[in-house]
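Let me begin by presenting the structure, written as C-alpha cells, before commenting on it.
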Amino acid sequence: MLSAFYLRCALSYKIRNKNLDNTLFYLLLCSHQGLISMGEHLVIVESPAKAKTIEKFLGSNYTVKSSFGHIRDLSKKNLGIDIEKGFEPDYLISDDKKKVVSDLKAAVKKAATVWLASDEDREGEAIAWHLSDVLKLDKENTKRIVFHEITKVAIQNAIENPRQIDMDLVMAQQARRVLDRLVGFELSPILWRKVKPKLSAGRVQSVALRLIVEREREIQNFKAKSSYKIDGIFNPEGSAKSVKVYAEIPEKFNTEKDALSFLEKSKGARFNVASIEEKETKRTPAAPFTTSTLQQEASHKLGFSLSQTMRAAQNLYEAGHITYMRTDSTNLSKLALAAAAKTITELYGKNYSKTRQYATKSKGAQEAHEAIRPAYLNITEIGGSPVEKKLYALIWKRTIASQMADASIIRTLVTIESDSVKHKFEATADKVLFDGFLKVYMETKEEDSGEKEIEFNLPELRIDQEMNPISIKAAEKFSQKPPRYTEASLVKRLEELGIGRPSTYAPTITTLGQRGYVIKESRPGNERSYKEFLLEKGEIKSSVKSETWGVEKNKLFPEDIGILVTDFLTANFTSIIDYNFTAKIEGDFDKIAAGELKWNKVIADFYTPFHETVDKTLATSRPTNAVRLLGVDPKSGKNVYVRLGRFGPLAQIGEADDPQKKYMSLSKGQLIETITLEGALKLFNLPRTVGDYNGEDIIAAIGKFGPYIKYRSSFISLGKDYDPYTVEVADCIKLITEHAKKEANKKIQSFPEEGIEVLRGRFGAYIKKGKENYKIPKGKDPETIDLATIKEIILKQKK
DNA sequence: CAGTGAGCGAGCTTCCGCTTGACTT
C-alpha cells in the first residue's frame with residue numbers, strides 16, 4: 001500500500017518535472033524496491049533560511065534541518081586542549097546548541113539517510129564531521145554533499161555525487177581552531193597580568209589593531225610638504241569672451257620662488273595650442289559583491305557601518321531577497337547570469353549586456369558560496385526598511401552592472417604652451433561614447449583620490465590657436481597625510497592580507513572597540529593658511545587664504561591601551577603579529593588538507609617555541625611606555641607625568657608618594673604618546689570658576705559626557721561652540737537662561753511636596769519621582785492627571 | 001548624567017569561525 005503510494009508520487013513527479021525529480025524518482029524507486037530502507041531523508045545545512053529554500057525544491061519525503069553553524073567547540077575551561085596527548089581537543093556542545101542537537105538527534109532517528117550538506121570549505125567540512133560524530137551517524141546511511149548555489153540543478157548534481165567526509169580537510173580545520181585557541185588563550189592572560197585584566201589578543205584582532213596603531217604613528221610623524229600648483233584660465237582667440245578653458249600644469253612647483261618666477265615670465269606671454277590628442281579608453285565594471293566589497297561600498301555610498309550593513313543583509317537574506325551575505329566569492333550561478341542578461345536586455349537593450357565571470361582574487365578565499373546578488377534579478381526594488389531598500393538597490397546595481405558592456409570614453413588632452421615659459425598647461429575633457437555599465441553603477445574610488453568625475457566640455461580648438469590667459473593662479477598645496485582607517489578600509493586591508501573571514505570582519509572590529517583599544521569617531525579639522533598668487537591683467541597679487549584640513553569622519557583612532565598592547569606584543573611576539581603570519585600558517589593548513597602534513601605536527605612545531613616565549617615573557621617583561629615624564633610644572637616645581645590609570649589615561653603632578661599629588665584625566669583625543677607638557681598642564685586649569693550669576697558661582701569643567709558648566713544644581717553641556725577653558729560669563733548666562741526655559745517647557749505638572757513631577761520627554765510625557773521614571777498608561781491625560789492616580793501608577797510600576 | 005586614581009587578593013576575564021535569536025532600554 002505504502003510502496004504503491006511512493007511509486008505513484010514518483011511517477012507524478014516525473015511527469016511534472018524533468019530534471020531534479022529524476023533523482024527523486026530514482027531514490028523513491030530504490031526505497032520502493034527496498035534498496036534503501038523505507039523512511040525519510042534528512043538533509044542538514046548550516047543556515048535555517050537555506051533549509052527553508054531547499055525544502056521547497058525537494059519532495060515531501062525530505063526533511064531539511066539546520067545546524068545553525070558549528071554545533072561544538074573547544075571547552076572553555078582551561079585550554080580545551082590536552083597538550084600532552086598531542087594537542088587532543090576537548091570538544092563540547094555549548095548550551096545554546098543543546099536544543100539544536102537534540103532536535104537533530106530526533107530527526108536522525110526518523111530518517112533512513114542523512115545528507116550532510118554543510119558548506120564546501122574547511123569549516124563546513126568540520127561541521128559535517130562534528131555532526132556525524134555527535135549524532136553517531138553510520139557511514140552506510142550518511143552522505144556528504146555540497147552545492148555552491150541553491151538551484152534545483154545544483155542540488156540535483158549534489159545528490160547524484162555524494163562522497164565521504166574528507167578527514168584531511170577536517171583536520172586542517174582542527175589545526176586552525178587549535179592554533180587560534182592556543183594563541184588567544186596564552187597571550188590574553190599575559191596581558192591581564194602585565195597590562196590590565198579582561199584584555200585580549202589573537203591572531204586576527206592583534207594584527208588589525210597593529211594596523212591602526214602603525215597608521216596613527218605614520219600620521220603623527222608625517223610632515224606636510226608644501227608645493228605650488230598652477231592653474232590657468234584661457235580664452236581661445238576668436239571665440240566669445242565667455243568661453244573659458246580650464247587648464248593646469250601637471251608638475252608641482254617646489255618653492256614659492258619657482259612658482260613666482262613662472263608667473264613673472266608669464267606676464268604678457270603669448271600662449272597657443274600645442275597639441276590636441278584624443279584617446280579612447282575602456283572602463284570595465286567591478287566584480288559582484290563579496291562581504292568585504294559590500295561592506296566597503298555600503299560605507300562609501302550609503303554611509304553604513306559594518307554592523308548596519310550586515311544586519312540589513314541578514315534581513316534581506318532571510319526574506320529571500322538576496323543570496324548568502326557572508327561570502328568571499330565573486331562567482332555567479334549560470335541561472336543568475338542568464339537572468340542578468342535577460343533583465344539587462346529588457347531594460348537597456350541587447351548591446352548593454354555582456355556576460356562575464358570574475359575570478360576571485362582575495363587571498364585565502366574558500367568560495368563556498370556565490371557572490372552576494374539579488375535572488376531574482378528582475379526585481380529592481382523590494383519592500384522593507386529604508387536601510388534594507390537602499391542596500392538591496394546597491395546589490396542589484398552592482399550585480400547588474402557586472403554583467404553589462406564596457407563603457408567607452410574619449411579623453412581629449414590639449415596642451416597649451418608659450419615660448420616664454422618651460423612648462424606646458426594641460427586641459428582635459430572626457431566624453432562618454434558608450435556608457436555601458438556606467439548607466440547603472442560606478443564603483444567609488446579610494447578616498448581622497450581627488451579624481452573628478454565631472455565631464456568637462458572643451459570648445460573646438462585647433463593647433464596653434466592663440467589662447468589668451470584670463471588669469472593664472474599659483475596656490476600653495478600641502479601633501480596629504482596617510483588616511484586613518486575606516487571600518488571599511490580596515491576590512492579591505494585585512495582581506496588583502498588574508499586575515500579574518502567574511503563572518504568575522506565586523507565582529508573583530510567591534511571587539512577592538514569593546515576592549516578599549518580603538519574608538520570610532522569624528523574629529524573636527526584644523527585651520528591652516530596657504531599662500532596664493534594670482535596673475536591677472538598683467539599684475540601679480542598675493543594673498544593668504546585659509547582652509548580646513550584633517551577633518552575625520554567615522555575613523556578608527558587607537559586609544560592609549562591599544563598602543564600599549566601593540567607595543568607589548570610587537571616587542572615580545574613579533575612573529576605572531578607579523579602581517580604574514582596568517583598567510584604562512586594557511587600554507588601549512590593547505591598541506592594538512594592535501595594529506596601532506598599531519599595536523600598536530602604543524603601545531604607542535606608552532607607551539608614549542610611559542611610557549612617558550614610565553615613563559616619567558618611572563619617571567620621577565622614589563623609593559624613598555626607605561627609612564628612618560630613630560631617635564632616640570634613651573635608653578636610647583638614638581639614633575640609632570642602621564643600614564644595609564646585604573647580608569648584610563650591621566651596626567652599627574654608630583655611623585656607617586658607625594659601626598660599632595662594631583663590628577664586629571666586626559667581629554668578625548670589626547671594620547672600619552674603625543675601629549676605635550678603644555679597640554680597636560682592646561683588640564684589642571686579645570687574645574688574653573690567662570691564668574692557668578694545672581695550671587696552663585698558658575699563652574700566650567702569636563703565630565704564623563706564632555707565639557708559642561710554647572711550652575712546651582714544643573715549641568716549644562718557646552719557643546720562644540722564653547723571651550724570650557726575660555727568660556728565667558730555672558731555666554732554662560734545665555735546658556736543658563738536657555739536651559740531654564742527648556743526645563744520649564746518640559747514641566748507639565750508639579751507636586752513639590754511629594755517630589756513628583758509630570759514631564760515631557762523624548763518619548764512623550766512621563767512621571768518623575770526622585771530619580772525614578774514612570775510611564776503614564778494610555779488613556780490618561782498628563783495635563784489633568786491627579787496626584788492620587790499618579791501615586792497609584794507609581795505603586796503599580798514599582799513592582 | 002557630569003569620578004575616579006588605596007588595598008585586602010576571591011574568582012573571572014580571553015581566541016576565531018560557523019550560525020541566529022534572546023535579551024533590555
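Quick note on naming: the chains in the C-alpha cells go A, B, ... in the order shown, residues restart at 1 in each chain, and ligands are numbered from 1 in order of appearance.
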
Proximal residues of chain B relative to chain A (only C-alpha atoms (C1' of nucleotides); 8 Å) as a list in words: DC1, DA2, DT4, DG5, DT13, DT14, DC15, DC16, DG17, DC18, DT19 and DT20 of chain B

DSSP-assigned helix (DSSP H, G or I) members of stretch 160-233 of chain A, reported as a ChimeraX atom specification: /A:160,167-194,205-221

What's around A:Asp588 at 9 Å? Count only C-alpha atoms (C1' of nucleotides), leave out sequence neighbours fewer than 6 positions away in its own chain, and write the answer as a PDB file with C-alpha atoms, in the first residue's frame.
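What ended up in selection-v3.pdb:
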ATOM      1  CA  ALA A 172      43.080  21.236   8.693  1.00  0.00           C
ATOM      2  CA  LEU A 597      51.304  17.122   6.704  1.00  0.00           C
ATOM      3  CA  TRP A 599      47.857  18.458  11.809  1.00  0.00           C
ATOM      4  CA  VAL A 602      52.139  21.560  12.446  1.00  0.00           C
TER       5      VAL A 602
END

Spatial neighbours of A:Ala474, 12 Å, only C-alpha atoms (C1' of nucleotides), chain gap at least 4 places, as an MDAnalysis selection string: chainID A and resid 227:233 248:249 252:264 266 530:536 540:544

Within 8 Å of A:Ala427 using only C-alpha atoms (C1' of nucleotides), minus same-chain residues under 2 positions, as a count of residues only: 10

Give me every strand (DSSP E) residue in stretch 30-271 of chain A, going by DSSP on the backbone, as an mmCIF file with N, CA, C and O atoms, in the first residue's frame.
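Final file, out_6.cif:
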data_model
loop_
_atom_site.group_PDB
_atom_site.id
_atom_site.type_symbol
_atom_site.label_atom_id
_atom_site.label_comp_id
_atom_site.auth_asym_id
_atom_site.auth_seq_id
_atom_site.Cartn_x
_atom_site.Cartn_y
_atom_site.Cartn_z
ATOM 1 N N GLU A 40 12.349 8.503 5.766
ATOM 2 C CA GLU A 40 12.586 9.859 5.322
ATOM 3 C C GLU A 40 14.063 10.107 5.036
ATOM 4 O O GLU A 40 14.937 9.438 5.563
ATOM 5 N N HIS A 41 14.295 11.115 4.225
ATOM 6 C CA HIS A 41 15.651 11.613 4.025
ATOM 7 C C HIS A 41 15.820 12.856 4.875
ATOM 8 O O HIS A 41 14.950 13.727 4.894
ATOM 9 N N LEU A 42 16.934 12.940 5.561
ATOM 10 C CA LEU A 42 17.220 14.129 6.357
ATOM 11 C C LEU A 42 18.407 14.860 5.741
ATOM 12 O O LEU A 42 19.477 14.284 5.562
ATOM 13 N N VAL A 43 18.201 16.129 5.380
ATOM 14 C CA VAL A 43 19.287 16.944 4.853
ATOM 15 C C VAL A 43 19.637 17.976 5.927
ATOM 16 O O VAL A 43 18.756 18.633 6.479
ATOM 17 N N ILE A 44 20.936 18.074 6.258
ATOM 18 C CA ILE A 44 21.332 19.080 7.248
ATOM 19 C C ILE A 44 22.206 20.140 6.577
ATOM 20 O O ILE A 44 23.222 19.822 5.965
ATOM 21 N N VAL A 45 21.757 21.389 6.678
ATOM 22 C CA VAL A 45 22.548 22.516 6.183
ATOM 23 C C VAL A 45 22.907 23.412 7.371
ATOM 24 O O VAL A 45 22.539 23.124 8.497
ATOM 25 N N TYR A 62 11.571 14.518 2.081
ATOM 26 C CA TYR A 62 12.823 15.122 2.522
ATOM 27 C C TYR A 62 12.545 16.098 3.657
ATOM 28 O O TYR A 62 11.672 16.963 3.542
ATOM 29 N N THR A 63 13.259 15.935 4.745
ATOM 30 C CA THR A 63 13.205 16.920 5.816
ATOM 31 C C THR A 63 14.528 17.672 5.760
ATOM 32 O O THR A 63 15.575 17.048 5.658
ATOM 33 N N VAL A 64 14.459 18.990 5.802
ATOM 34 C CA VAL A 64 15.698 19.771 5.789
ATOM 35 C C VAL A 64 15.819 20.509 7.114
ATOM 36 O O VAL A 64 14.915 21.238 7.531
ATOM 37 N N LYS A 65 16.926 20.252 7.815
ATOM 38 C CA LYS A 65 17.151 20.878 9.121
ATOM 39 C C LYS A 65 18.436 21.691 9.067
ATOM 40 O O LYS A 65 19.253 21.515 8.172
ATOM 41 N N SER A 66 18.569 22.546 10.055
ATOM 42 C CA SER A 66 19.762 23.387 10.101
ATOM 43 C C SER A 66 20.557 23.130 11.377
ATOM 44 O O SER A 66 19.992 22.866 12.435
ATOM 45 N N ARG A 72 29.646 22.259 17.955
ATOM 46 C CA ARG A 72 30.570 22.003 19.068
ATOM 47 C C ARG A 72 31.744 22.950 18.974
ATOM 48 O O ARG A 72 32.094 23.424 17.900
ATOM 49 N N ASP A 73 32.359 23.189 20.132
ATOM 50 C CA ASP A 73 33.582 23.981 20.134
ATOM 51 C C ASP A 73 34.462 23.469 21.270
ATOM 52 O O ASP A 73 34.006 22.709 22.120
ATOM 53 N N LEU A 74 35.694 23.940 21.278
ATOM 54 C CA LEU A 74 36.605 23.554 22.350
ATOM 55 C C LEU A 74 36.031 23.993 23.693
ATOM 56 O O LEU A 74 35.433 25.067 23.799
ATOM 57 N N ILE A 81 42.384 21.919 25.344
ATOM 58 C CA ILE A 81 43.319 21.150 24.522
ATOM 59 C C ILE A 81 44.247 20.394 25.453
ATOM 60 O O ILE A 81 44.780 20.980 26.400
ATOM 61 N N ASP A 82 44.431 19.104 25.208
ATOM 62 C CA ASP A 82 45.389 18.340 26.007
ATOM 63 C C ASP A 82 46.726 18.305 25.267
ATOM 64 O O ASP A 82 46.926 17.517 24.342
ATOM 65 N N GLU A 88 45.249 16.987 21.846
ATOM 66 C CA GLU A 88 43.915 16.426 21.687
ATOM 67 C C GLU A 88 42.850 17.448 22.103
ATOM 68 O O GLU A 88 42.881 17.952 23.216
ATOM 69 N N PRO A 89 41.913 17.755 21.206
ATOM 70 C CA PRO A 89 40.901 18.757 21.536
ATOM 71 C C PRO A 89 39.804 18.181 22.426
ATOM 72 O O PRO A 89 39.440 17.008 22.267
ATOM 73 N N TYR A 91 36.167 18.678 22.824
ATOM 74 C CA TYR A 91 35.008 19.351 22.225
ATOM 75 C C TYR A 91 33.787 19.251 23.125
ATOM 76 O O TYR A 91 33.524 18.213 23.730
ATOM 77 N N LEU A 92 33.027 20.328 23.183
ATOM 78 C CA LEU A 92 31.813 20.377 23.984
ATOM 79 C C LEU A 92 30.680 20.970 23.154
ATOM 80 O O LEU A 92 30.908 21.852 22.322
ATOM 81 N N ILE A 93 29.476 20.471 23.425
ATOM 82 C CA ILE A 93 28.307 21.110 22.802
ATOM 83 C C ILE A 93 27.915 22.272 23.705
ATOM 84 O O ILE A 93 27.626 22.074 24.887
ATOM 85 N N ALA A 111 14.994 9.199 10.150
ATOM 86 C CA ALA A 111 15.491 9.212 8.783
ATOM 87 C C ALA A 111 16.211 7.928 8.417
ATOM 88 O O ALA A 111 16.871 7.311 9.257
ATOM 89 N N ALA A 112 16.083 7.567 7.166
ATOM 90 C CA ALA A 112 16.824 6.412 6.662
ATOM 91 C C ALA A 112 18.203 6.856 6.186
ATOM 92 O O ALA A 112 19.189 6.161 6.378
ATOM 93 N N THR A 113 18.249 7.997 5.547
ATOM 94 C CA THR A 113 19.508 8.510 5.029
ATOM 95 C C THR A 113 19.709 9.938 5.506
ATOM 96 O O THR A 113 18.771 10.734 5.525
ATOM 97 N N VAL A 114 20.936 10.243 5.921
ATOM 98 C CA VAL A 114 21.248 11.609 6.323
ATOM 99 C C VAL A 114 22.214 12.209 5.305
ATOM 100 O O VAL A 114 23.243 11.614 4.992
ATOM 101 N N TRP A 115 21.842 13.354 4.776
ATOM 102 C CA TRP A 115 22.690 14.054 3.816
ATOM 103 C C TRP A 115 23.309 15.260 4.514
ATOM 104 O O TRP A 115 22.602 16.184 4.920
ATOM 105 N N LEU A 116 24.613 15.232 4.664
ATOM 106 C CA LEU A 116 25.296 16.352 5.320
ATOM 107 C C LEU A 116 25.660 17.376 4.247
ATOM 108 O O LEU A 116 26.552 17.148 3.433
ATOM 109 N N THR A 142 24.997 7.631 5.608
ATOM 110 C CA THR A 142 25.333 9.049 5.661
ATOM 111 C C THR A 142 26.052 9.452 4.393
ATOM 112 O O THR A 142 26.966 8.762 3.952
ATOM 113 N N LYS A 143 25.618 10.543 3.822
ATOM 114 C CA LYS A 143 26.277 11.019 2.609
ATOM 115 C C LYS A 143 26.642 12.483 2.764
ATOM 116 O O LYS A 143 25.875 13.280 3.286
ATOM 117 N N ARG A 144 27.834 12.799 2.294
ATOM 118 C CA ARG A 144 28.291 14.194 2.326
ATOM 119 C C ARG A 144 28.058 14.779 0.942
ATOM 120 O O ARG A 144 28.535 14.221 -0.068
ATOM 121 N N SER A 226 55.015 71.519 1.521
ATOM 122 C CA SER A 226 54.224 72.451 0.730
ATOM 123 C C SER A 226 54.814 72.566 -0.671
ATOM 124 O O SER A 226 56.019 72.440 -0.872
ATOM 125 N N SER A 227 53.951 72.765 -1.643
ATOM 126 C CA SER A 227 54.399 72.969 -3.017
ATOM 127 C C SER A 227 53.353 73.852 -3.683
ATOM 128 O O SER A 227 52.357 74.201 -3.062
ATOM 129 N N TYR A 228 53.596 74.206 -4.915
ATOM 130 C CA TYR A 228 52.659 75.100 -5.594
ATOM 131 C C TYR A 228 52.071 74.454 -6.832
ATOM 132 O O TYR A 228 52.773 73.783 -7.591
ATOM 133 N N LYS A 229 50.762 74.663 -6.971
ATOM 134 C CA LYS A 229 50.027 74.109 -8.098
ATOM 135 C C LYS A 229 49.589 75.295 -8.956
ATOM 136 O O LYS A 229 49.076 76.281 -8.433
ATOM 137 N N ILE A 230 49.818 75.176 -10.263
ATOM 138 C CA ILE A 230 49.476 76.304 -11.123
ATOM 139 C C ILE A 230 48.342 75.942 -12.074
ATOM 140 O O ILE A 230 48.385 74.929 -12.776
ATOM 141 N N ASP A 231 47.287 76.771 -12.018
ATOM 142 C CA ASP A 231 46.130 76.617 -12.900
ATOM 143 C C ASP A 231 45.988 77.867 -13.750
ATOM 144 O O ASP A 231 46.331 78.963 -13.320
ATOM 145 N N GLY A 232 45.461 77.663 -14.943
ATOM 146 C CA GLY A 232 45.217 78.825 -15.790
ATOM 147 C C GLY A 232 43.837 78.775 -16.406
ATOM 148 O O GLY A 232 43.283 77.701 -16.638
ATOM 149 N N ILE A 233 43.275 79.958 -16.646
ATOM 150 C CA ILE A 233 42.007 80.032 -17.360
ATOM 151 C C ILE A 233 42.279 80.811 -18.652
ATOM 152 O O ILE A 233 42.847 81.906 -18.606
ATOM 153 N N PHE A 234 41.905 80.215 -19.775
ATOM 154 C CA PHE A 234 42.232 80.803 -21.071
ATOM 155 C C PHE A 234 40.980 81.070 -21.889
ATOM 156 O O PHE A 234 39.973 80.377 -21.757
ATOM 157 N N ASN A 235 41.093 82.078 -22.740
ATOM 158 C CA ASN A 235 40.033 82.348 -23.703
ATOM 159 C C ASN A 235 40.607 82.158 -25.102
ATOM 160 O O ASN A 235 41.543 82.854 -25.495
ATOM 161 N N PRO A 236 40.067 81.202 -25.859
ATOM 162 C CA PRO A 236 40.601 80.952 -27.197
ATOM 163 C C PRO A 236 40.376 82.157 -28.113
ATOM 164 O O PRO A 236 39.282 82.731 -28.107
ATOM 165 N N VAL A 245 38.612 78.081 -20.981
ATOM 166 C CA VAL A 245 39.251 76.766 -20.949
ATOM 167 C C VAL A 245 40.074 76.673 -19.668
ATOM 168 O O VAL A 245 40.943 77.505 -19.432
ATOM 169 N N TYR A 246 39.739 75.688 -18.838
ATOM 170 C CA TYR A 246 40.462 75.498 -17.582
ATOM 171 C C TYR A 246 41.616 74.528 -17.803
ATOM 172 O O TYR A 246 41.399 73.417 -18.292
ATOM 173 N N ALA A 247 42.817 74.958 -17.465
ATOM 174 C CA ALA A 247 43.971 74.090 -17.692
ATOM 175 C C ALA A 247 44.886 74.139 -16.471
ATOM 176 O O ALA A 247 44.817 75.073 -15.666
ATOM 177 N N GLU A 248 45.716 73.128 -16.353
ATOM 178 C CA GLU A 248 46.625 73.103 -15.209
ATOM 179 C C GLU A 248 47.987 72.603 -15.644
ATOM 180 O O GLU A 248 48.120 71.942 -16.684
ATOM 181 N N PHE A 271 50.252 82.557 -25.385
ATOM 182 C CA PHE A 271 50.083 81.101 -25.298
ATOM 183 C C PHE A 271 49.340 80.600 -26.522
ATOM 184 O O PHE A 271 48.510 81.327 -27.087
#

Given only C-alpha atoms as the counted atoms, nearest of A:Glu370, A:Asp633, A:Asp133, A:Glu125 to A:Gln164: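 Of A:Glu370, A:Asp633, A:Asp133, A:Glu125, the one nearest A:Gln164, counting only C-alpha atoms, is A:Glu125.
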
Spatial neighbours of A:Pro634, 12 Å, only C-alpha atoms (C1' of nucleotides), chain gap at least 3 places, as a ChimeraX atom specification: /A:631,637-640,653,677-678,681

Just N, CA, C and O atoms for this one: save the residues we selected as a short mmCIF file (atom, residue, chain, number, x, y, z; two decimals), in the first residue's frame.
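Saved as result.cif:
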data_model
loop_
_atom_site.label_atom_id
_atom_site.label_comp_id
_atom_site.auth_asym_id
_atom_site.auth_seq_id
_atom_site.Cartn_x
_atom_site.Cartn_y
_atom_site.Cartn_z
N GLY A 631 57.92 66.74 32.01
CA GLY A 631 58.75 67.89 32.38
C GLY A 631 58.34 68.38 33.75
O GLY A 631 57.76 67.62 34.54
N GLY A 637 57.03 73.33 40.68
CA GLY A 637 58.36 72.76 40.56
C GLY A 637 58.37 71.24 40.58
O GLY A 637 59.43 70.61 40.61
N LYS A 638 57.18 70.64 40.55
CA LYS A 638 57.11 69.18 40.61
C LYS A 638 57.08 68.58 39.20
O LYS A 638 56.68 69.25 38.23
N ASN A 639 57.43 67.30 39.11
CA ASN A 639 57.40 66.59 37.83
C ASN A 639 55.97 66.38 37.34
O ASN A 639 55.06 66.14 38.14
N VAL A 640 55.81 66.41 36.03
CA VAL A 640 54.51 66.12 35.42
C VAL A 640 54.62 64.82 34.62
O VAL A 640 55.48 64.70 33.76
N ILE A 653 50.68 65.47 38.61
CA ILE A 653 51.71 66.40 39.04
C ILE A 653 52.20 65.94 40.40
O ILE A 653 51.41 65.84 41.35
N LEU A 677 53.77 68.94 27.43
CA LEU A 677 53.72 69.46 28.81
C LEU A 677 52.63 70.52 28.93
O LEU A 677 51.83 70.51 29.86
N GLU A 678 52.58 71.42 27.95
CA GLU A 678 51.57 72.49 27.97
C GLU A 678 50.16 71.89 27.98
O GLU A 678 49.29 72.32 28.74
N LEU A 681 49.43 70.43 31.40
CA LEU A 681 49.24 71.44 32.45
C LEU A 681 47.90 72.15 32.30
O LEU A 681 47.26 72.49 33.28
#

Coordinates-based distance that separates atom CA of A:Lys50 from atom CA of A:Arg122 (Å, one decimal): 19.0 Å

Considering only C-alpha atoms (C1' of nucleotides), return as a PDB file with N, CA and C atoms, in the first residue's frame whatever protein or nucleic-acid residues lie within 12 Å of A:Asn580, sequence-local ones (same chain, fewer than 4 positions apart) excluded.
ATOM      1  N   ARG A 203      45.272  36.005  16.858  1.00  0.00           N
ATOM      2  CA  ARG A 203      45.897  36.020  15.540  1.00  0.00           C
ATOM      3  C   ARG A 203      45.323  37.108  14.644  1.00  0.00           C
ATOM      4  N   VAL A 204      44.014  37.331  14.716  1.00  0.00           N
ATOM      5  CA  VAL A 204      43.380  38.296  13.824  1.00  0.00           C
ATOM      6  C   VAL A 204      43.296  39.684  14.466  1.00  0.00           C
ATOM      7  N   VAL A 207      46.549  41.821  14.887  1.00  0.00           N
ATOM      8  CA  VAL A 207      47.093  42.389  13.658  1.00  0.00           C
ATOM      9  C   VAL A 207      46.241  43.572  13.197  1.00  0.00           C
ATOM     10  N   LYS A 363      43.111  36.731  -1.113  1.00  0.00           N
ATOM     11  CA  LYS A 363      43.973  35.702  -0.529  1.00  0.00           C
ATOM     12  C   LYS A 363      43.158  34.848   0.431  1.00  0.00           C
ATOM     13  N   LEU A 494      42.597  43.978   5.734  1.00  0.00           N
ATOM     14  CA  LEU A 494      42.660  42.635   6.330  1.00  0.00           C
ATOM     15  C   LEU A 494      42.453  41.578   5.254  1.00  0.00           C
ATOM     16  N   GLU A 496      43.109  41.860   2.102  1.00  0.00           N
ATOM     17  CA  GLU A 496      44.314  41.806   1.271  1.00  0.00           C
ATOM     18  C   GLU A 496      45.385  40.936   1.931  1.00  0.00           C
ATOM     19  N   LEU A 497      45.454  41.024   3.250  1.00  0.00           N
ATOM     20  CA  LEU A 497      46.458  40.243   3.966  1.00  0.00           C
ATOM     21  C   LEU A 497      45.998  38.805   4.196  1.00  0.00           C
ATOM     22  N   GLY A 498      44.770  38.497   3.820  1.00  0.00           N
ATOM     23  CA  GLY A 498      44.237  37.148   4.016  1.00  0.00           C
ATOM     24  C   GLY A 498      43.924  36.853   5.467  1.00  0.00           C
ATOM     25  N   ILE A 499      43.674  37.899   6.248  1.00  0.00           N
ATOM     26  CA  ILE A 499      43.422  37.736   7.676  1.00  0.00           C
ATOM     27  C   ILE A 499      41.944  37.914   7.972  1.00  0.00           C
ATOM     28  N   THR A 574      56.751  39.141  18.062  1.00  0.00           N
ATOM     29  CA  THR A 574      56.876  39.691  16.719  1.00  0.00           C
ATOM     30  C   THR A 574      56.281  38.779  15.655  1.00  0.00           C
ATOM     31  N   SER A 575      56.580  37.487  15.755  1.00  0.00           N
ATOM     32  CA  SER A 575      56.182  36.595  14.667  1.00  0.00           C
ATOM     33  C   SER A 575      54.674  36.432  14.594  1.00  0.00           C
ATOM     34  N   ILE A 576      53.988  36.498  15.759  1.00  0.00           N
ATOM     35  CA  ILE A 576      52.536  36.289  15.753  1.00  0.00           C
ATOM     36  C   ILE A 576      51.818  37.474  15.118  1.00  0.00           C
ATOM     37  N   LYS A 584      51.343  32.501   6.106  1.00  0.00           N
ATOM     38  CA  LYS A 584      52.292  31.394   6.216  1.00  0.00           C
ATOM     39  C   LYS A 584      51.634  30.154   6.789  1.00  0.00           C
ATOM     40  N   ILE A 585      50.890  30.325   7.886  1.00  0.00           N
ATOM     41  CA  ILE A 585      50.296  29.171   8.541  1.00  0.00           C
ATOM     42  C   ILE A 585      49.176  28.580   7.688  1.00  0.00           C
ATOM     43  N   GLU A 586      48.511  29.421   6.896  1.00  0.00           N
ATOM     44  CA  GLU A 586      47.497  28.914   5.971  1.00  0.00           C
ATOM     45  C   GLU A 586      48.120  27.947   4.965  1.00  0.00           C
ATOM     46  N   GLY A 587      49.348  28.214   4.588  1.00  0.00           N
ATOM     47  CA  GLY A 587      50.057  27.306   3.697  1.00  0.00           C
ATOM     48  C   GLY A 587      50.179  25.918   4.320  1.00  0.00           C
TER      49      GLY A 587
END

Separation of atom CA of A:Asp168 from atom CA of A:Leu104 in Å: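 Going from atom CA of A:Leu104 over to atom CA of A:Asp168 covers 25.2 Å.
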
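With atom CA of A:Lys223 on one side and atom CA of A:Glu673 on the other, the separation reads 17.2 Å.
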